[in-house]
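Asker: What follows is the file query-v5.txt, containing compact mmCIF, C-alpha atoms:
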# COMPACT_ATOMS: atom_id res chain seq x y z
CA MET Q 15 0.00 0.00 0.00
CA LYS Q 16 1.10 3.56 -0.61
CA ILE Q 17 -0.22 6.63 1.16
CA HIS Q 18 0.89 10.18 0.45
CA LEU Q 19 0.44 13.03 2.92
CA PRO Q 20 -0.43 15.99 0.73
CA ASN Q 21 0.00 19.71 1.17
CA SER Q 22 -3.55 19.97 2.54
CA ALA Q 23 -6.24 17.44 3.49
CA PHE Q 24 -9.10 18.56 5.71
CA LEU Q 25 -12.67 17.28 5.71
CA GLY Q 26 -13.75 19.75 3.02
CA ASN Q 27 -10.99 18.68 0.58
CA ILE Q 28 -10.19 15.14 1.76
CA ASP Q 29 -11.43 13.39 -1.41
CA PRO Q 30 -8.18 13.63 -3.47
CA PHE Q 31 -6.15 12.32 -0.51
CA ILE Q 32 -8.40 9.27 -0.21
CA ARG Q 33 -8.46 8.67 -3.96
CA SER Q 34 -4.65 8.68 -4.06
CA PHE Q 35 -4.43 5.83 -1.57
CA ASP Q 36 -2.84 2.83 -3.37
CA LEU Q 37 -3.98 -0.62 -2.20
CA LEU Q 38 -1.50 -2.77 -4.09
CA ASN Q 39 0.77 -4.97 -1.91
CA PRO Q 40 -1.45 -4.89 1.20
CA GLU Q 41 1.24 -6.47 3.37
CA LYS Q 42 3.51 -3.37 3.10
CA LEU Q 43 2.96 0.34 3.73
CA GLU Q 44 4.94 3.09 2.03
CA ILE Q 45 4.43 6.57 3.49
CA THR Q 46 5.46 9.63 1.49
CA ALA Q 47 4.75 13.29 2.14
CA ASN Q 48 4.72 16.70 0.51
CA LYS Q 49 8.23 18.13 0.74
CA HIS Q 50 7.28 21.75 1.47
CA TRP Q 51 4.32 21.96 3.82
CA ILE Q 52 1.83 19.40 5.15
CA SER Q 53 -1.33 20.49 6.87
CA VAL Q 54 -3.86 17.74 7.51
CA HIS Q 55 -6.91 16.86 9.57
CA PRO Q 56 -6.32 14.48 12.52
CA VAL Q 57 -8.38 11.85 10.71
CA VAL Q 58 -5.59 11.62 8.11
CA LEU Q 59 -3.06 10.83 10.86
CA ALA Q 60 -5.40 8.26 12.37
CA MET Q 61 -5.76 6.58 8.96
CA VAL Q 62 -1.99 6.36 8.46
CA ALA Q 63 -1.58 5.00 12.01
CA ALA Q 64 -4.33 2.41 11.46
CA LEU Q 65 -2.67 1.17 8.27
CA GLY Q 66 0.69 1.12 10.04
CA ILE Q 67 -0.43 -1.12 12.90
CA LYS Q 68 -2.16 -3.37 10.41
CA VAL Q 69 1.04 -4.15 8.48
CA GLY Q 70 3.42 -3.96 11.47
CA GLN Q 71 6.52 -1.85 12.01
CA LYS Q 72 8.84 -4.09 9.95
CA ASN Q 73 6.69 -3.62 6.86
CA ILE Q 74 6.54 0.19 6.96
CA LEU Q 75 8.72 2.24 4.69
CA CYS Q 76 8.46 5.87 5.70
CA GLU Q 77 10.44 8.45 3.76
CA LYS Q 78 12.20 11.18 5.72
CA PHE Q 79 9.83 14.12 6.20
CA GLU Q 80 11.31 17.34 4.81
CA ALA Q 81 8.38 19.72 5.07
CA ARG Q 82 8.74 22.67 7.43
CA SER Q 83 5.65 21.45 9.29
CA LYS Q 84 7.19 18.03 9.94
CA HIS Q 85 7.36 18.70 13.72
CA TYR Q 86 3.58 18.50 13.86
CA PHE Q 87 3.72 14.78 13.01
CA GLU Q 88 6.31 14.12 15.68
CA ARG Q 89 4.24 16.02 18.24
CA MET Q 90 1.07 14.13 17.29
CA GLY Q 91 2.96 10.91 17.92
CA LEU Q 92 2.84 9.46 14.40
CA PHE Q 93 6.38 8.08 14.40
CA SER Q 94 6.32 6.75 17.95
CA PHE Q 95 2.92 5.18 17.30
CA LEU Q 96 4.36 3.37 14.29
CA ASN Q 97 7.54 2.63 16.22
CA ILE Q 98 9.75 4.22 13.56
CA SER Q 99 12.54 6.73 13.94
CA SER Q 100 12.06 10.25 12.57
CA ASP Q 101 15.14 12.23 13.76
CA ILE Q 102 12.79 15.19 14.32
CA LYS Q 103 13.51 17.12 17.51
CA ILE Q 104 10.66 18.96 19.24
CA ASN Q 105 10.29 21.08 22.32
CA GLU Q 106 8.26 18.84 24.64
CA HIS Q 107 7.11 21.89 26.63
CA ASP Q 108 5.64 23.69 23.66
CA SER Q 109 2.79 25.72 25.17
CA SER Q 110 0.88 26.10 21.92
CA GLY Q 111 -0.26 22.50 22.12
CA ARG Q 112 -3.97 21.87 22.40
CA PHE Q 113 -4.13 18.41 20.97
CA ILE Q 114 -4.53 14.73 21.68
CA SER Q 115 -1.75 12.74 20.10
CA LEU Q 116 -2.46 9.38 18.43
CA THR Q 117 -4.09 7.10 20.95
CA GLN Q 118 -5.25 3.52 20.70
CA ILE Q 119 -8.31 2.57 22.77
CA LYS Q 120 -9.00 -1.15 23.04
CA ASN Q 121 -11.65 -1.52 25.72
CA SER Q 122 -14.40 0.17 27.67
CA ASN Q 123 -12.32 0.92 30.77
CA ASP Q 124 -9.55 2.51 28.66
CA LEU Q 125 -12.21 4.73 27.10
CA THR Q 126 -13.64 5.85 30.44
CA LEU Q 127 -10.14 6.77 31.65
CA PHE Q 128 -9.31 8.50 28.37
CA LEU Q 129 -12.48 10.64 28.51
CA THR Q 130 -11.49 11.89 31.96
CA GLU Q 131 -8.01 12.87 30.79
CA MET Q 132 -9.01 14.24 27.40
CA ILE Q 133 -10.71 17.52 28.33
CA PRO Q 134 -7.75 19.09 30.23
CA LEU Q 135 -5.49 18.26 27.25
CA LEU Q 136 -7.71 20.32 24.97
CA HIS Q 137 -8.00 23.15 27.56
CA LEU Q 138 -11.80 23.19 27.31
CA ASP Q 139 -14.32 24.53 29.78
CA GLN Q 140 -17.25 22.33 30.77
CA LYS Q 141 -19.69 23.82 28.28
CA GLN Q 142 -17.29 23.45 25.35
CA ALA Q 143 -16.42 19.94 26.48
CA GLU Q 144 -20.00 18.70 26.40
CA SER Q 145 -20.29 18.00 22.66
CA ILE Q 146 -16.68 16.85 22.25
CA ARG Q 147 -16.81 14.34 25.08
CA TYR Q 148 -20.14 13.11 23.72
CA VAL Q 149 -18.79 12.64 20.18
CA VAL Q 150 -15.66 10.78 21.28
CA SER Q 151 -17.55 8.50 23.66
CA GLU Q 152 -20.18 7.48 21.10
CA LEU Q 153 -17.73 6.99 18.22
CA VAL Q 154 -15.19 4.97 20.18
CA ARG Q 155 -17.92 2.83 21.75
CA ASN Q 156 -19.23 2.13 18.25
CA VAL Q 157 -15.79 0.79 17.32
CA LEU Q 158 -15.45 -1.29 20.48
CA GLU Q 159 -18.91 -2.82 20.06
CA HIS Q 160 -19.27 -3.27 16.33
CA ALA Q 161 -15.89 -3.20 14.55
CA ASN Q 162 -14.74 -6.58 15.82
CA SER Q 163 -11.11 -5.45 15.65
CA ASP Q 164 -8.39 -6.47 18.12
CA GLU Q 165 -6.72 -3.14 17.42
CA GLY Q 166 -9.70 -1.15 18.77
CA ALA Q 167 -10.07 2.53 17.91
CA ILE Q 168 -7.26 4.82 16.83
CA MET Q 169 -7.95 8.48 17.44
CA CYS Q 170 -6.39 11.90 17.68
CA ALA Q 171 -7.65 15.46 17.91
CA GLN Q 172 -6.36 18.96 17.36
CA TYR Q 173 -7.50 22.49 18.26
CA PHE Q 174 -7.15 24.94 15.36
CA LYS Q 175 -6.82 28.47 16.68
CA LYS Q 176 -7.56 30.30 13.42
CA SER Q 177 -10.93 28.64 12.93
CA ASN Q 178 -11.48 28.09 16.68
CA ARG Q 179 -12.49 24.48 16.20
CA ILE Q 180 -11.59 21.04 17.47
CA SER Q 181 -11.06 18.42 14.77
CA ILE Q 182 -11.37 14.78 15.70
CA GLY Q 183 -10.44 11.63 13.77
CA ILE Q 184 -11.45 8.11 14.83
CA VAL Q 185 -10.50 5.12 12.70
CA ASP Q 186 -10.63 1.32 12.88
CA ASN Q 187 -9.50 -1.68 10.83
CA GLY Q 188 -12.65 -3.66 11.64
CA VAL Q 189 -15.40 -5.33 9.67
CA GLY Q 190 -16.85 -2.09 8.27
CA ILE Q 191 -20.33 -0.58 8.35
CA LYS Q 192 -21.89 -2.78 5.65
CA LYS Q 193 -21.13 -6.02 7.44
CA THR Q 194 -22.36 -4.63 10.76
CA ILE Q 195 -25.61 -3.21 9.34
CA ASN Q 196 -26.30 -6.32 7.28
CA GLN Q 197 -26.51 -8.48 10.37
CA SER Q 198 -30.12 -7.26 10.44
CA HIS Q 199 -30.70 -5.31 7.23
CA ARG Q 200 -30.05 -5.73 3.53
CA ALA Q 201 -27.85 -2.89 2.35
CA GLN Q 202 -26.82 -3.60 -1.24
CA SER Q 203 -23.81 -1.30 -1.20
CA ASP Q 204 -21.41 0.41 1.20
CA LEU Q 205 -23.18 3.70 0.55
CA GLU Q 206 -26.61 2.26 1.35
CA ALA Q 207 -25.12 0.84 4.56
CA LEU Q 208 -23.82 4.31 5.51
CA ARG Q 209 -27.27 5.77 4.85
CA LEU Q 210 -28.89 3.21 7.18
CA ALA Q 211 -26.21 3.65 9.85
CA LEU Q 212 -26.85 7.41 9.94
CA THR Q 213 -30.64 7.01 10.16
CA PRO Q 214 -31.99 7.24 13.72
CA GLY Q 215 -33.27 3.97 15.13
CA ILE Q 216 -31.50 1.68 12.65
CA THR Q 217 -28.95 -0.69 14.17
CA GLY Q 218 -27.18 -3.76 12.89
CA THR Q 219 -28.09 -5.62 16.07
CA THR Q 220 -31.84 -5.96 15.36
CA LYS Q 221 -34.62 -5.14 12.90
CA LYS Q 222 -36.88 -4.14 15.77
CA GLU Q 223 -37.82 -0.50 16.35
CA GLY Q 224 -36.32 0.71 19.63
CA GLY Q 225 -33.23 -1.45 19.17
CA THR Q 226 -32.01 -4.02 21.67
CA GLU Q 227 -31.46 -3.59 25.40
CA TYR Q 228 -27.93 -2.37 24.55
CA ASN Q 229 -28.15 -0.65 21.15
CA ALA Q 230 -30.60 1.89 19.80
CA GLY Q 231 -28.99 2.86 16.50
CA ALA Q 232 -28.80 6.51 17.46
CA GLY Q 233 -25.10 7.26 17.99
CA LEU Q 234 -24.14 8.35 14.47
CA PHE Q 235 -27.37 10.31 14.04
CA PHE Q 236 -26.55 12.29 17.22
CA ILE Q 237 -23.05 13.05 15.91
CA LYS Q 238 -24.29 14.11 12.49
CA SER Q 239 -26.80 16.33 14.30
CA ILE Q 240 -24.09 17.95 16.44
CA ALA Q 241 -22.15 18.76 13.23
CA THR Q 242 -25.30 20.07 11.52
CA VAL Q 243 -26.09 22.42 14.37
CA ASN Q 244 -22.46 23.55 14.59
CA HIS Q 245 -22.30 24.24 10.83
CA THR Q 246 -19.23 22.02 10.55
CA ASN Q 247 -18.17 19.06 8.42
CA PHE Q 248 -18.62 15.40 9.23
CA VAL Q 249 -17.16 12.55 7.15
CA ILE Q 250 -17.74 8.81 7.36
CA TYR Q 251 -15.90 6.40 5.05
CA SER Q 252 -16.22 2.62 5.03
CA GLY Q 253 -15.60 0.09 2.28
CA ARG Q 254 -15.76 2.01 -0.98
CA ALA Q 255 -18.21 4.65 0.18
CA MET Q 256 -17.79 8.05 1.73
CA TYR Q 257 -20.57 10.31 3.01
CA LYS Q 258 -19.73 13.90 3.79
CA LEU Q 259 -22.09 16.22 5.64
CA LEU Q 260 -21.39 19.69 4.29
CA LYS Q 261 -21.72 22.85 6.34
CA SER Q 262 -25.39 23.83 6.43
CA LYS Q 263 -26.08 27.26 4.98
CA SER Q 264 -29.23 27.95 6.95
CA LYS Q 265 -29.00 29.53 10.39
CA ASP Q 266 -32.15 27.68 11.44
CA ILE Q 267 -31.70 24.25 12.99
CA VAL Q 268 -33.24 21.63 10.72
CA LEU Q 269 -32.41 17.97 11.30
CA TYR Q 270 -33.31 15.22 8.87
CA SER Q 271 -33.58 11.54 9.66
CA ASP Q 272 -32.50 10.68 6.11
CA PRO Q 273 -28.82 11.75 5.72
CA PHE Q 274 -29.29 12.03 1.95
CA VAL Q 275 -31.67 14.97 2.52
CA ASP Q 276 -29.00 16.95 4.41
CA ASN Q 277 -26.57 19.17 2.48
CA HIS Q 278 -24.01 16.48 1.64
CA SER Q 279 -21.74 14.83 -0.91
CA LYS Q 280 -21.34 11.10 -1.41
CA ASP Q 281 -19.47 8.64 -3.60
CA GLU Q 282 -18.82 4.93 -3.63
CA ASN Q 283 -15.82 4.64 -5.90
CA PHE Q 284 -13.06 5.20 -3.38
CA PRO Q 285 -10.26 2.72 -2.63
CA TYR Q 286 -11.65 0.02 -0.32
CA TRP Q 287 -11.14 0.86 3.36
CA GLN Q 288 -11.34 -2.24 5.52
CA GLY Q 289 -13.04 -0.76 8.58
CA THR Q 290 -14.45 2.66 9.25
CA VAL Q 291 -13.06 6.19 9.22
CA VAL Q 292 -14.85 9.09 10.92
CA GLY Q 293 -13.77 12.73 10.94
CA VAL Q 294 -15.70 15.53 12.57
CA ASP Q 295 -15.12 19.20 13.34
CA ILE Q 296 -16.69 20.98 16.30
CA SER Q 297 -16.64 24.77 16.24
CA LEU Q 298 -16.09 26.39 19.62
CA ASP Q 299 -17.50 29.70 18.29
CA SER Q 300 -20.91 28.44 17.44
CA THR Q 301 -21.32 25.65 19.95
CA ARG Q 302 -25.01 26.04 20.47
CA GLU Q 303 -26.71 25.04 23.65
CA PHE Q 304 -26.56 21.26 23.71
CA SER Q 305 -30.02 21.19 25.28
CA ILE Q 306 -31.53 23.02 22.27
CA LEU Q 307 -30.01 20.42 19.99
CA LEU Q 308 -31.59 17.69 22.11
CA ASP Q 309 -35.07 19.21 21.59
CA HIS Q 310 -34.59 18.95 17.83
CA ILE Q 311 -33.19 15.44 18.05
CA ARG Q 312 -36.21 14.30 20.09
CA ASP Q 313 -38.65 15.60 17.48
CA THR Q 314 -36.75 14.19 14.49
CA TYR Q 315 -36.08 10.83 16.12
CA ALA Q 316 -39.65 10.16 17.24
CA LYS Q 317 -41.00 11.26 13.84
CA ALA Q 318 -38.59 8.89 12.06
CA VAL Q 319 -39.68 5.90 14.17
CA ARG Q 320 -43.37 6.80 13.66
CA GLU Q 321 -43.00 7.14 9.90
CA ARG Q 322 -41.06 3.88 9.59
CA LYS Q 323 -43.73 2.03 11.54
CA LYS Q 324 -46.47 3.63 9.45
CA SER Q 325 -44.74 2.61 6.22
CA LYS Q 326 -45.13 -1.03 7.31
CA TYR Q 327 -48.91 -0.71 7.96
CA LYS Q 328 -51.04 -2.93 5.79
CA LYS Q 329 -53.14 -0.97 3.33
CA PRO Q 330 -56.66 -1.83 2.20
CA LYS Q 331 -57.07 -3.18 -1.30
CA PHE Q 332 -59.68 -1.33 -3.30
CA ILE Q 333 -60.91 -3.35 -6.28
CA MET N 24 -34.41 1.91 46.65
CA THR N 25 -32.21 4.86 45.65
CA ILE N 26 -29.30 4.26 43.29
CA ASN N 27 -26.56 6.89 43.34
CA LEU N 28 -25.28 6.81 39.77
CA PHE N 29 -22.30 9.12 40.36
CA GLN N 30 -20.78 6.51 42.67
CA GLU N 31 -21.07 3.93 39.90
CA VAL N 32 -20.15 5.88 36.77
CA GLY N 33 -18.57 9.23 37.71
CA SER N 34 -19.56 12.66 36.41
CA PHE N 35 -19.94 11.66 32.73
CA ALA N 36 -22.41 8.81 32.43
CA GLU N 37 -21.36 7.08 29.23
CA ASN N 38 -20.25 3.57 30.17
CA LYS N 39 -22.97 1.29 28.78
CA ASP N 40 -21.52 -1.78 30.46
CA ALA N 41 -21.92 -0.05 33.82
CA ALA N 42 -25.48 0.99 32.88
CA ARG N 43 -26.42 -2.59 32.01
CA LYS N 44 -24.88 -3.87 35.24
CA ILE N 45 -26.90 -1.37 37.29
CA ARG N 46 -30.09 -2.39 35.46
CA LEU N 47 -29.54 -6.11 35.83
CA GLU N 48 -28.13 -6.15 39.36
CA ASN N 49 -30.06 -3.34 41.03
CA ILE N 50 -33.08 -2.04 39.15
CA ILE N 51 -34.67 -5.27 37.92
CA PRO N 52 -34.35 -7.16 41.24
CA ALA N 53 -35.95 -4.17 43.03
CA LEU N 54 -38.81 -3.98 40.52
CA ASN N 55 -39.36 -7.72 40.81
CA LYS N 56 -39.87 -7.19 44.54
CA ASN N 57 -42.35 -4.42 43.70
CA GLU N 58 -40.01 -1.79 45.16
CA ARG N 59 -39.93 1.73 43.79
CA VAL N 60 -36.57 2.78 42.31
CA VAL N 61 -35.05 6.27 42.39
CA LEU N 62 -32.18 6.86 39.96
CA ASP N 63 -30.21 9.71 41.52
CA PHE N 64 -28.17 11.72 38.99
CA SER N 65 -26.57 14.07 41.58
CA ASN N 66 -23.11 15.29 40.46
CA ILE N 67 -23.57 13.83 36.99
CA GLU N 68 -22.69 16.58 34.53
CA ALA N 69 -23.74 14.76 31.37
CA ALA N 70 -24.99 11.44 30.05
CA THR N 71 -25.02 9.91 26.60
CA GLN N 72 -28.14 8.57 24.92
CA SER N 73 -26.39 5.18 24.72
CA PHE N 74 -25.92 5.12 28.49
CA VAL N 75 -29.55 6.03 29.20
CA HIS N 76 -30.74 3.53 26.59
CA ALA N 77 -28.71 0.73 28.21
CA LEU N 78 -30.04 1.79 31.62
CA ILE N 79 -33.79 2.00 30.98
CA SER N 80 -34.94 0.91 27.50
CA ASP N 81 -35.25 -2.74 28.43
CA LEU N 82 -37.32 -1.84 31.49
CA ILE N 83 -39.90 -0.22 29.20
CA ARG N 84 -39.80 -3.21 26.87
CA LYS N 85 -40.12 -5.79 29.67
CA TYR N 86 -42.53 -4.07 32.03
CA GLY N 87 -44.33 -1.66 29.68
CA ILE N 88 -44.39 2.10 29.94
CA GLU N 89 -46.13 1.76 33.32
CA VAL N 90 -42.67 1.01 34.72
CA LEU N 91 -42.24 4.79 34.88
CA ASP N 92 -44.72 4.75 37.80
CA MET N 93 -42.13 2.70 39.68
CA VAL N 94 -38.89 4.34 38.46
CA SER N 95 -38.12 8.01 38.96
CA PHE N 96 -35.19 10.23 38.08
CA LYS N 97 -33.76 12.60 40.70
CA ASN N 98 -31.40 15.59 40.50
CA CYS N 99 -31.05 15.50 36.71
CA SER N 100 -29.49 18.43 34.89
CA ASN N 101 -31.47 19.98 32.03
CA THR N 102 -29.57 18.02 29.36
CA VAL N 103 -29.78 14.72 31.25
CA GLN N 104 -33.55 15.25 31.59
CA LYS N 105 -33.79 15.79 27.85
CA ILE N 106 -31.79 12.68 27.00
CA ILE N 107 -33.98 10.58 29.30
CA GLY N 108 -37.01 12.19 27.57
CA ILE N 109 -35.69 11.21 24.12
CA VAL N 110 -35.17 7.57 25.11
CA VAL N 111 -38.58 7.31 26.81
CA GLU N 112 -40.29 8.89 23.80
CA TYR N 113 -38.71 6.71 21.11
CA MET N 114 -39.25 3.58 23.18
CA GLN N 115 -42.94 4.44 23.47
CA GLU N 116 -43.15 5.13 19.72
CA ALA N 117 -41.47 1.78 19.08
CA GLU N 118 -43.53 -0.22 21.55
CA GLU N 119 -46.98 1.22 20.69
Kindly present the structure from the file in structure tokens form.
Answerer:
Amino acid sequence: MKIHLPNSAFLGNIDPFIRSFDLLNPEKLEITANKHWISVHPVVLAMVAALGIKVGQKNILCEKFEARSKHYFERMGLFSFLNISSDIKINEHDSSGRFISLTQIKNSNDLTLFLTEMIPLLHLDQKQAESIRYVVSELVRNVLEHANSDEGAIMCAQYFKKSNRISIGIVDNGVGIKKTINQSHRAQSDLEALRLALTPGITGTTKKEGGTEYNAGAGLFFIKSIATVNHTNFVIYSGRAMYKLLKSKSKDIVLYSDPFVDNHSKDENFPYWQGTVVGVDISLDSTREFSILLDHIRDTYAKAVRERKKSKYKKPKFI
Amino acid sequence: MTINLFQEVGSFAENKDAARKIRLENIIPALNKNERVVLDFSNIEAATQSFVHALISDLIRKYGIEVLDMVSFKNCSNTVQKIIGIVVEYMQEAEE
């Protein structure tokens, strides 16, 4: 496999980066990077790290980073995560850091501990922390419960001062969304599986409305809703499909149960990702009251369940 | 019976395994003895929908919505109240 870290890859322009990913020779990973400047979303780092642990340190060939921004990758722990030497020296006491370096979370107790330690690292107050803690908990639990991967979840996050936002990337090398959803549904494609996974009340664990005693099928819908309300991007990529929630233009809060009705882009001709990749941005400027978001979620969720049940009603035959 | 959730899960109630354990080991045995249950959310800053779902959805499925006459929620913040409201509402929509 070959992966190239480009000059720029954030959620809005991540498509070319993903398309350039070369799947040939899956037992080896060759990492190359732009020689001048590299500025990427944490989800890109999490993807590289996930591929790296999949092939193992001995099978990674990483070219020497020359870009002026190379220190960022050292600071985010890319090289130590992959157990490869970089020769990049950084000031460990750099005060500008508001980030979570690459972290692997393999079980529920690790996650609980991580959530406690995460907020001070990002220097957030309680109100700002609410959505971010929520997003990380739900996404990582999804991986731990559904991905069926010994490697668990690989995540990192970064605060971007200029745009005053926190960007989060969470990636796994698991079974992927289609396999999980199709335990109870019949998605014909990776994209259809993403659509079902983002619809409130749909879970791979049961066909029944209301879910099981443990799963409701609401986690990804909540996260998409947080991004909608924050006017930020949200990307989910699994198998060959990628769904991208684009920043909503309207100032009014409107949530849709069908993700294909939201302002979005989608495609299912990307290189096959074995597992799931999620990237989300949370703006600290426009973090609306979480409780207002919950009012909208309640209305949209209940309506979706009602309409799905109604669509299954038998209809009279008029002859 | 009053169950102090903060003691079990800390200030951010998100651990679904802990929620299930509380339901199976504390709430259901109390309900089976016809005891009223108070879920005390004191000192809990936030909860996820997944946590609340794992805590109470199966009670509604097993005992019907009337279980809410036996289970009450104490000292909930505004957002925790709303998350409990969402779970109760979609479970009723699903079970009707």
Asker: Chain Q residues within 9 Å of chain N, counting all atoms listed in the file: which ones, as an MDAnalysis selection string?
Answerer: chainID Q and resid 122:123 125:126 129:130 140 144 147:148 151:152 155 215 222:233 236 304:306 308:309 311:313 315:317 319:320 323
Asker: Measuring atom to atom with all atoms listed in the file, identify which of Q:Arg33, Q:Lys221, Q:Lys331, Q:Arg112 is nearest to Q:Tyr251.
Answerer: Q:Arg33
Asker: Measure the distance from atom CA of Q:Phe79 to atom CA of Q:Leu116 in Å and round it to one decimal.
Answerer: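 About the pair atom CA of Q:Phe79 and atom CA of Q:Leu116: they are 18.0 Å apart.
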Asker: Find the distance between atom CA of N:Met93 and atom CA of N:Lys44 and write it in Å to one decimal.
Answerer: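 Atom CA of N:Lys44 lies 19.0 Å from atom CA of N:Met93.
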Asker: So how many Å separate atom CA of Q:Phe95 and atom CA of Q:Glu80, to one decimal?
Answerer: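 Here the two named atoms are 19.3 Å from each other.
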Asker: Restricting the calculation to only C-alpha atoms, which member of Q:Asn178, Q:His50, Q:Asn121, Q:Met169 is positioned closest to Q:Gly91?
Answerer: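 The shortest atom-to-atom distance to Q:Gly91 comes from Q:Met169.
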Asker: If we count only C-alpha atoms and set the cut-off at 12 Å, which residues sit around Q:Ala201, ignoring sequence neighbours fewer than 6 positions away in its own chain? Please answer as a VMD selection string.
Answerer: chain Q and resid 191 to 195 207 to 211 216 218
Asker: Would you please work out which residue, of Q:Asn162, Q:Gln71, Q:Ser99, Q:Ser262, is nearest to Q:Lys120 when using all atoms listed in the file?
Answerer: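 Nearest to Q:Lys120: Q:Asn162.
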Asker: Could you pull the residues within 6 Å of Q:Ile250, counting all atoms listed in the file, minus those fewer than 4 positions along the same chain, as a list in words?
Answerer: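 Answer for this query is Met256, Tyr257, Val291 and Val292 of chain Q.
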Asker: Leaving out N:Lys97 and any residue of its chain fewer than 2 positions from it, which residues lie within 7 Å of it when counting all atoms listed in the file, given as a list in words?
Answerer: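 Those residues are Val61, Leu62, Asp63, Phe64, Ser95 and Cys99 of chain N.
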Asker: Just the residues within 8 Å of stretch 275-289 of chain Q, please, counting only C-alpha atoms, with nothing from its chain fewer than 4 positions along; format it as a list in words.
Answerer: Ile32, Arg33, Phe35, Asp36, Leu37, Ala161, Val185, Asp186, Asn187, Gly188, Val189, Gly190, Ile191, Asp204, Leu205, Tyr251, Ser252, Gly253, Arg254, Ala255, Met256, Tyr257, Lys258, Leu259, Leu260, Lys261, Ser262, Leu269 and Tyr270 of chain Q
Asker: For stretch 75-83 of chain N, I'd like the enclosing box, axis-aligned and padded by 8 Å on every side, reported as lines of an AutoDock Vina configuration file with centre and edge lengths in Å to one decimal.
Answerer:
center_x = -34.3
center_y = 1.6
center_z = 29.1
size_x = 27.2
size_y = 24.8
size_z = 21.0
Asker: Name the closest residue to Q:Ala167 among the candidates Q:Leu25, Q:Val294, Q:Ile184, Q:Val62; distances are taken between atoms, counting only C-alpha atoms.
Answerer: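 For Q:Ala167, the nearest of the candidates is Q:Ile184.
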Asker: Restricting the calculation to only C-alpha atoms, which member of N:Val90, N:Val60, N:Ser100, N:Ile107 is positioned closest to N:Thr25?
Answerer: N:Val60
Asker: Please rebuild stretch 84-97 of chain N with N, CA and C atoms and give the result as a PDB file, in the frame of the given file.
Answerer:
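Okay, rebuild.pdb is ready:
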ATOM      1  N   ARG N  84     -39.419  -2.063  27.717  1.00  0.00           N
ATOM      2  CA  ARG N  84     -39.800  -3.210  26.870  1.00  0.00           C
ATOM      3  C   ARG N  84     -40.348  -4.358  27.713  1.00  0.00           C
ATOM      4  N   LYS N  85     -39.712  -4.626  28.837  1.00  0.00           N
ATOM      5  CA  LYS N  85     -40.120  -5.790  29.670  1.00  0.00           C
ATOM      6  C   LYS N  85     -41.377  -5.526  30.481  1.00  0.00           C
ATOM      7  N   TYR N  86     -41.445  -4.330  31.086  1.00  0.00           N
ATOM      8  CA  TYR N  86     -42.530  -4.070  32.030  1.00  0.00           C
ATOM      9  C   TYR N  86     -43.617  -3.148  31.462  1.00  0.00           C
ATOM     10  N   GLY N  87     -43.376  -2.627  30.242  1.00  0.00           N
ATOM     11  CA  GLY N  87     -44.330  -1.660  29.680  1.00  0.00           C
ATOM     12  C   GLY N  87     -44.029  -0.267  30.196  1.00  0.00           C
ATOM     13  N   ILE N  88     -44.688   0.709  29.572  1.00  0.00           N
ATOM     14  CA  ILE N  88     -44.390   2.100  29.940  1.00  0.00           C
ATOM     15  C   ILE N  88     -44.815   2.410  31.380  1.00  0.00           C
ATOM     16  N   GLU N  89     -45.685   1.577  31.920  1.00  0.00           N
ATOM     17  CA  GLU N  89     -46.130   1.760  33.320  1.00  0.00           C
ATOM     18  C   GLU N  89     -44.959   1.649  34.299  1.00  0.00           C
ATOM     19  N   VAL N  90     -43.840   1.112  33.837  1.00  0.00           N
ATOM     20  CA  VAL N  90     -42.670   1.010  34.720  1.00  0.00           C
ATOM     21  C   VAL N  90     -42.249   2.392  35.219  1.00  0.00           C
ATOM     22  N   LEU N  91     -42.624   3.431  34.461  1.00  0.00           N
ATOM     23  CA  LEU N  91     -42.240   4.790  34.880  1.00  0.00           C
ATOM     24  C   LEU N  91     -43.012   5.234  36.133  1.00  0.00           C
ATOM     25  N   ASP N  92     -44.052   4.480  36.516  1.00  0.00           N
ATOM     26  CA  ASP N  92     -44.720   4.750  37.800  1.00  0.00           C
ATOM     27  C   ASP N  92     -43.863   4.233  38.956  1.00  0.00           C
ATOM     28  N   MET N  93     -42.964   3.312  38.633  1.00  0.00           N
ATOM     29  CA  MET N  93     -42.130   2.700  39.680  1.00  0.00           C
ATOM     30  C   MET N  93     -40.697   3.235  39.688  1.00  0.00           C
ATOM     31  N   VAL N  94     -40.276   3.845  38.560  1.00  0.00           N
ATOM     32  CA  VAL N  94     -38.890   4.340  38.460  1.00  0.00           C
ATOM     33  C   VAL N  94     -38.920   5.852  38.304  1.00  0.00           C
ATOM     34  N   SER N  95     -38.190   6.553  39.148  1.00  0.00           N
ATOM     35  CA  SER N  95     -38.120   8.010  38.960  1.00  0.00           C
ATOM     36  C   SER N  95     -36.673   8.480  38.912  1.00  0.00           C
ATOM     37  N   PHE N  96     -36.507   9.683  38.379  1.00  0.00           N
ATOM     38  CA  PHE N  96     -35.190  10.230  38.080  1.00  0.00           C
ATOM     39  C   PHE N  96     -34.986  11.492  38.921  1.00  0.00           C
ATOM     40  N   LYS N  97     -33.946  11.508  39.740  1.00  0.00           N
ATOM     41  CA  LYS N  97     -33.760  12.600  40.700  1.00  0.00           C
ATOM     42  C   LYS N  97     -32.501  13.397  40.386  1.00  0.00           C
TER      43      LYS N  97
END
